[in-house]
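Data first, discussion second: the structure below is written as structure tokens.
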Amino acid sequence: MKISIRDLASRCNLSVSAVSKALNNYPDISRETRALVLKTAQELGYFPNASARTLKTNRSQNLGVLFQPESISGMTHPFFSALLESFKAEAEKNGYDLTFINQNIRSGMRYLEHCRYRNVDGAIIVCADFTSQDVLALLASDIPTVAIDYPSDTASCILSENERGMYVLTSHAISLGHKKIAYLHGEECFVHQNRLKGYLRALSDAGIEIRNDYLLPSAYDNPQKAAEAFRRILSHPDRPTCIMMSDDTAATTAIQIAQSMNLTVPGDISICGYDGVRLSLMFSPILCTIKQDTESMGKEAARELIRLIENPASGPVKTITVPGALVPGESLGRIR
């Protein structure tokens, strides 16, 4: 049988108003009364009605999640799934539920309209086309928003140190004697721009010639395109000694192709990835990569979004940068 707030008030020998105030943490309710109400609610299995709570507090305790990847993996992508798991855990710890936001093609409902329809208190944009007018409309709206790896003047953002990460990775290869270092990069986006800056800066600082023929387009989280780009660079007349792939999925694909061609890794060719997902650290040889701190990124995103919702006067939107860490691995070797 469903327990109502009147049942709870009767058991506590209090008015419905007093119980409601205790549940919503009003300051004019004593600590003892609040403790009694919460203890009794737990014993009876009472849960406030979500609609009634929304009317009372003007909040739904619901966060929207915009995740619309174009990659093959979708929700199973190890970087995004780990980040979302961390975001979910921190949000739930603070009493929030999650709702995934999408575009309803049949009704013509856009992201912003879907957020309003679901009455979310705020939204996180984890993966989406940031050039889309629908995404930009959500970023510019009055709904508190946090974006992952995309800077905005109107929304807070959580950034991984992509430029520094690629600089550290390229510099590590240089320290092992590599001068012919290729980069098979992902599609044009903010992440790519910053990783490219790090790669180019590391070469420049080491006095190594920057060769455009060592820069080949590939794709994030796409083994087929990674394989095509990797085979192209292997056929280069002046083959590089080290190949930086767009991500760990691409790097493990490249290692498998090299091994199928009887090339040893790192003996004949060194290969690096990016992301530091769990499987890449179990692969043989263990991948040399940059491990992104998905746990901190998800946790910081949830904390920042809740700050914007619950304390809008606490300050403007923020840019929070989360560092990664070099995993030396075994797939990058010293030049003999």
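Letters for chains follow the order of the structure tokens (A, B, ...), residue numbers begin at 1 for each chain, and ligand numbers begin at 1 in the order shown.
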
May I have the residues within 10 Å of Leu176 (chain A) as number ranges by chain, using only C-alpha atoms and disregarding those fewer than 3 positions away in the same chain?
-> A: 171-173, 179, 332-336

For the selection just defined, write its residues with N, CA, C and O atoms to a file, as a compact mmCIF listing (two decimals), in the first residue's frame.
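File again_19.txt, as written:
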# COMPACT_ATOMS: atom_id res chain seq x y z
N SER A 171 56.66 14.37 -26.74
CA SER A 171 57.98 14.62 -26.12
C SER A 171 58.59 13.32 -25.60
O SER A 171 59.82 13.13 -25.65
N HIS A 172 57.74 12.43 -25.09
CA HIS A 172 58.24 11.14 -24.60
C HIS A 172 58.83 10.34 -25.75
O HIS A 172 59.89 9.71 -25.60
N ALA A 173 58.15 10.35 -26.91
CA ALA A 173 58.68 9.65 -28.08
C ALA A 173 60.01 10.26 -28.52
O ALA A 173 60.96 9.54 -28.87
N LYS A 179 62.47 10.86 -34.30
CA LYS A 179 62.37 12.14 -35.00
C LYS A 179 61.34 12.07 -36.13
O LYS A 179 60.82 13.11 -36.55
N LEU A 332 55.77 1.74 -27.35
CA LEU A 332 56.70 2.78 -27.80
C LEU A 332 58.09 2.39 -27.31
O LEU A 332 58.31 2.25 -26.11
N GLY A 333 59.02 2.20 -28.25
CA GLY A 333 60.36 1.78 -27.88
C GLY A 333 61.42 2.80 -28.25
O GLY A 333 61.16 3.75 -28.98
N ARG A 334 62.62 2.58 -27.73
CA ARG A 334 63.74 3.45 -28.02
C ARG A 334 64.31 3.13 -29.39
O ARG A 334 64.39 1.96 -29.81
N ILE A 335 64.71 4.18 -30.13
CA ILE A 335 65.35 3.99 -31.42
C ILE A 335 66.70 3.30 -31.20
O ILE A 335 67.49 3.72 -30.36
N ARG A 336 66.93 2.25 -31.95
CA ARG A 336 68.19 1.50 -31.78
C ARG A 336 69.35 2.21 -32.46
O ARG A 336 69.20 2.81 -33.48

List every residue of region 226-299 of chain A that has an atom at most 12 Å from any atom of region 194-203 of chain A, giving for each one its closest atom pair and the distance in Å to one decimal, counting only C-alpha atoms, sorted by chain and then by ascending residue number, as JSON lines.
{"residue": "A:Ile243", "atom": "CA", "partner": "A:Tyr199", "partner_atom": "CA", "distance": 11.7}
{"residue": "A:Met244", "atom": "CA", "partner": "A:Tyr199", "partner_atom": "CA", "distance": 9.4}
{"residue": "A:Met245", "atom": "CA", "partner": "A:Arg195", "partner_atom": "CA", "distance": 11.2}
{"residue": "A:Ser246", "atom": "CA", "partner": "A:Arg195", "partner_atom": "CA", "distance": 9.3}
{"residue": "A:Asp247", "atom": "CA", "partner": "A:Arg195", "partner_atom": "CA", "distance": 11.1}
{"residue": "A:Tyr274", "atom": "CA", "partner": "A:Arg195", "partner_atom": "CA", "distance": 9.9}
{"residue": "A:Asp275", "atom": "CA", "partner": "A:Arg195", "partner_atom": "CA", "distance": 11.9}
{"residue": "A:Ile290", "atom": "CA", "partner": "A:Arg195", "partner_atom": "CA", "distance": 11.3}

Dump as a Markdown table the rows for residues of region 154-228 of chain A within 10 Å of region 293-316 of chain A: closest atom pair and distance in Å with one decimal, only C-alpha atoms counted, ordered by chain and rising residue number.
| residue | atom | partner | partner_atom | distance |
| --- | --- | --- | --- | --- |
| A:Thr154 | CA | A:Pro316 | CA | 9.0 |
| A:Ala155 | CA | A:Pro316 | CA | 9.0 |
| A:Ser156 | CA | A:Glu304 | CA | 7.5 |
| A:Cys157 | CA | A:Ala301 | CA | 7.7 |
| A:Ile158 | CA | A:Ala301 | CA | 6.3 |
| A:Leu159 | CA | A:Met297 | CA | 7.8 |
| A:Ser160 | CA | A:Met297 | CA | 7.6 |
| A:Glu161 | CA | A:Asp293 | CA | 9.8 |

Can you write just those residues out, all heavy atoms, as a short mmCIF file (atom, residue, chain, number, x, y, z; two decimals), in the first residue's frame?
data_model
loop_
_atom_site.label_atom_id
_atom_site.label_comp_id
_atom_site.auth_asym_id
_atom_site.auth_seq_id
_atom_site.Cartn_x
_atom_site.Cartn_y
_atom_site.Cartn_z
N THR A 154 28.69 30.84 -22.44
CA THR A 154 27.39 30.81 -21.76
C THR A 154 27.18 29.57 -20.91
O THR A 154 26.16 29.46 -20.22
CB THR A 154 26.26 30.90 -22.80
OG1 THR A 154 26.41 29.83 -23.75
CG2 THR A 154 26.30 32.23 -23.54
N ALA A 155 28.11 28.63 -20.95
CA ALA A 155 27.97 27.39 -20.17
C ALA A 155 29.32 27.05 -19.54
O ALA A 155 30.37 27.39 -20.09
CB ALA A 155 27.50 26.24 -21.06
N SER A 156 29.28 26.40 -18.40
CA SER A 156 30.51 25.90 -17.81
C SER A 156 31.03 24.74 -18.66
O SER A 156 30.27 24.07 -19.37
CB SER A 156 30.28 25.44 -16.38
OG SER A 156 30.11 26.53 -15.51
N CYS A 157 32.33 24.50 -18.60
CA CYS A 157 32.88 23.39 -19.37
C CYS A 157 33.96 22.67 -18.58
O CYS A 157 34.68 23.26 -17.77
CB CYS A 157 33.42 23.86 -20.72
SG CYS A 157 34.65 25.17 -20.62
N ILE A 158 34.04 21.37 -18.82
CA ILE A 158 35.07 20.53 -18.22
C ILE A 158 35.98 20.09 -19.36
O ILE A 158 35.53 19.43 -20.30
CB ILE A 158 34.46 19.28 -17.54
CG1 ILE A 158 33.31 19.68 -16.61
CG2 ILE A 158 35.54 18.51 -16.81
CD1 ILE A 158 33.71 20.57 -15.45
N LEU A 159 37.23 20.50 -19.29
CA LEU A 159 38.17 20.21 -20.36
C LEU A 159 39.26 19.27 -19.89
O LEU A 159 39.82 19.43 -18.81
CB LEU A 159 38.84 21.50 -20.86
CG LEU A 159 37.95 22.65 -21.33
CD1 LEU A 159 38.81 23.83 -21.76
CD2 LEU A 159 37.05 22.20 -22.48
N SER A 160 39.56 18.27 -20.73
CA SER A 160 40.75 17.46 -20.51
C SER A 160 41.92 18.23 -21.11
O SER A 160 41.77 18.95 -22.09
CB SER A 160 40.59 16.10 -21.19
OG SER A 160 41.72 15.29 -20.93
N GLU A 161 43.11 18.07 -20.52
CA GLU A 161 44.29 18.81 -21.01
C GLU A 161 44.83 18.16 -22.28
O GLU A 161 45.91 17.56 -22.30
CB GLU A 161 45.37 18.84 -19.94
CG GLU A 161 45.12 19.84 -18.84
CD GLU A 161 46.31 20.00 -17.92
OE1 GLU A 161 47.11 19.05 -17.79
OE2 GLU A 161 46.45 21.07 -17.32
#

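Within 9 Å of His236 (chain A), once only C-alpha atoms are used and residues closer than 3 positions along the same chain are dropped, the contacting residues are Asp213, Tyr214, Arg232, Ile233, Arg239 and Pro240 of chain A.
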
Using the selection just defined, write its residues with N, CA, C and O atoms as a tab-separated table (two decimals), in the first residue's frame.
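To be explicit, this is the file written out as part_16.tsv:
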chain	number	residue	atom	x	y	z
A	213	ASP	N	53.36	15.64	-44.53
A	213	ASP	CA	53.10	14.30	-45.04
A	213	ASP	C	53.04	13.26	-43.92
A	213	ASP	O	52.69	12.10	-44.17
A	214	TYR	N	53.38	13.66	-42.70
A	214	TYR	CA	53.24	12.79	-41.55
A	214	TYR	C	51.94	13.06	-40.78
A	214	TYR	O	51.70	12.47	-39.73
A	232	ARG	N	48.14	3.42	-45.06
A	232	ARG	CA	48.68	4.48	-45.92
A	232	ARG	C	50.02	4.98	-45.41
A	232	ARG	O	50.97	5.15	-46.18
A	233	ILE	N	50.12	5.21	-44.10
A	233	ILE	CA	51.37	5.75	-43.57
A	233	ILE	C	52.48	4.70	-43.61
A	233	ILE	O	53.66	5.04	-43.77
A	239	ARG	N	59.13	5.98	-44.23
A	239	ARG	CA	58.19	5.57	-43.18
A	239	ARG	C	58.61	6.09	-41.80
A	239	ARG	O	59.78	5.99	-41.42
A	240	PRO	N	57.66	6.65	-41.06
A	240	PRO	CA	57.97	7.13	-39.70
A	240	PRO	C	58.33	5.96	-38.78
A	240	PRO	O	57.94	4.82	-39.03

Looking at only C-alpha atoms, which of A:Val126, A:Ile320, A:Lys180, A:Thr99 is the one that sits closest to Met75 (chain A)?
->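 Of A:Val126, A:Ile320, A:Lys180, A:Thr99, the one nearest Met75 (chain A), counting only C-alpha atoms, is A:Val126.
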
Measure the distance from CA of Leu138 (chain A) to CA of Pro323 (chain A) in Å and round it to one decimal.
-> 27.1 Å

Closest contacts (region 168-216 of chain A/region 146-149 of chain A, max 10 Å, only C-alpha atoms) as JSON lines:
{"residue": "A:Cys189", "atom": "CA", "partner": "A:Asp149", "partner_atom": "CA", "distance": 9.7}
{"residue": "A:Phe190", "atom": "CA", "partner": "A:Asp149", "partner_atom": "CA", "distance": 7.2}
{"residue": "A:Val191", "atom": "CA", "partner": "A:Asp149", "partner_atom": "CA", "distance": 6.7}

Test item, alpha helix (DSSP H) assignment across region 227-315 of chain A, answer as an MDAnalysis selection string | chainID A and resid 227:234 248:260 294:310

10 Å contact set for Glu188 (chain A), only C-alpha atoms, chain neighbours under 5 positions out, as a PyMOL selection string | chain A and resi 193+217+219

What does the distance between CA of Asn62 (chain A) and CA of Ser15 (chain A) come to in Å, to one decimal place?
->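 CA of Asn62 (chain A) sits 28.6 Å away from CA of Ser15 (chain A).
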
May I ask which of the residues A:Val65, A:Ala140, A:Ile174, A:Leu216 is the closest one to His114 (chain A), counting only C-alpha atoms?
->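 Closest candidate: A:Val65.
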
Hey, which of A:Ile208, A:Leu84, A:Leu169, A:Leu112 ends up closest to Val327 (chain A)? Count only C-alpha atoms.
->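 Between A:Ile208, A:Leu84, A:Leu169, A:Leu112, the residue approaching Val327 (chain A) most closely is A:Leu169.
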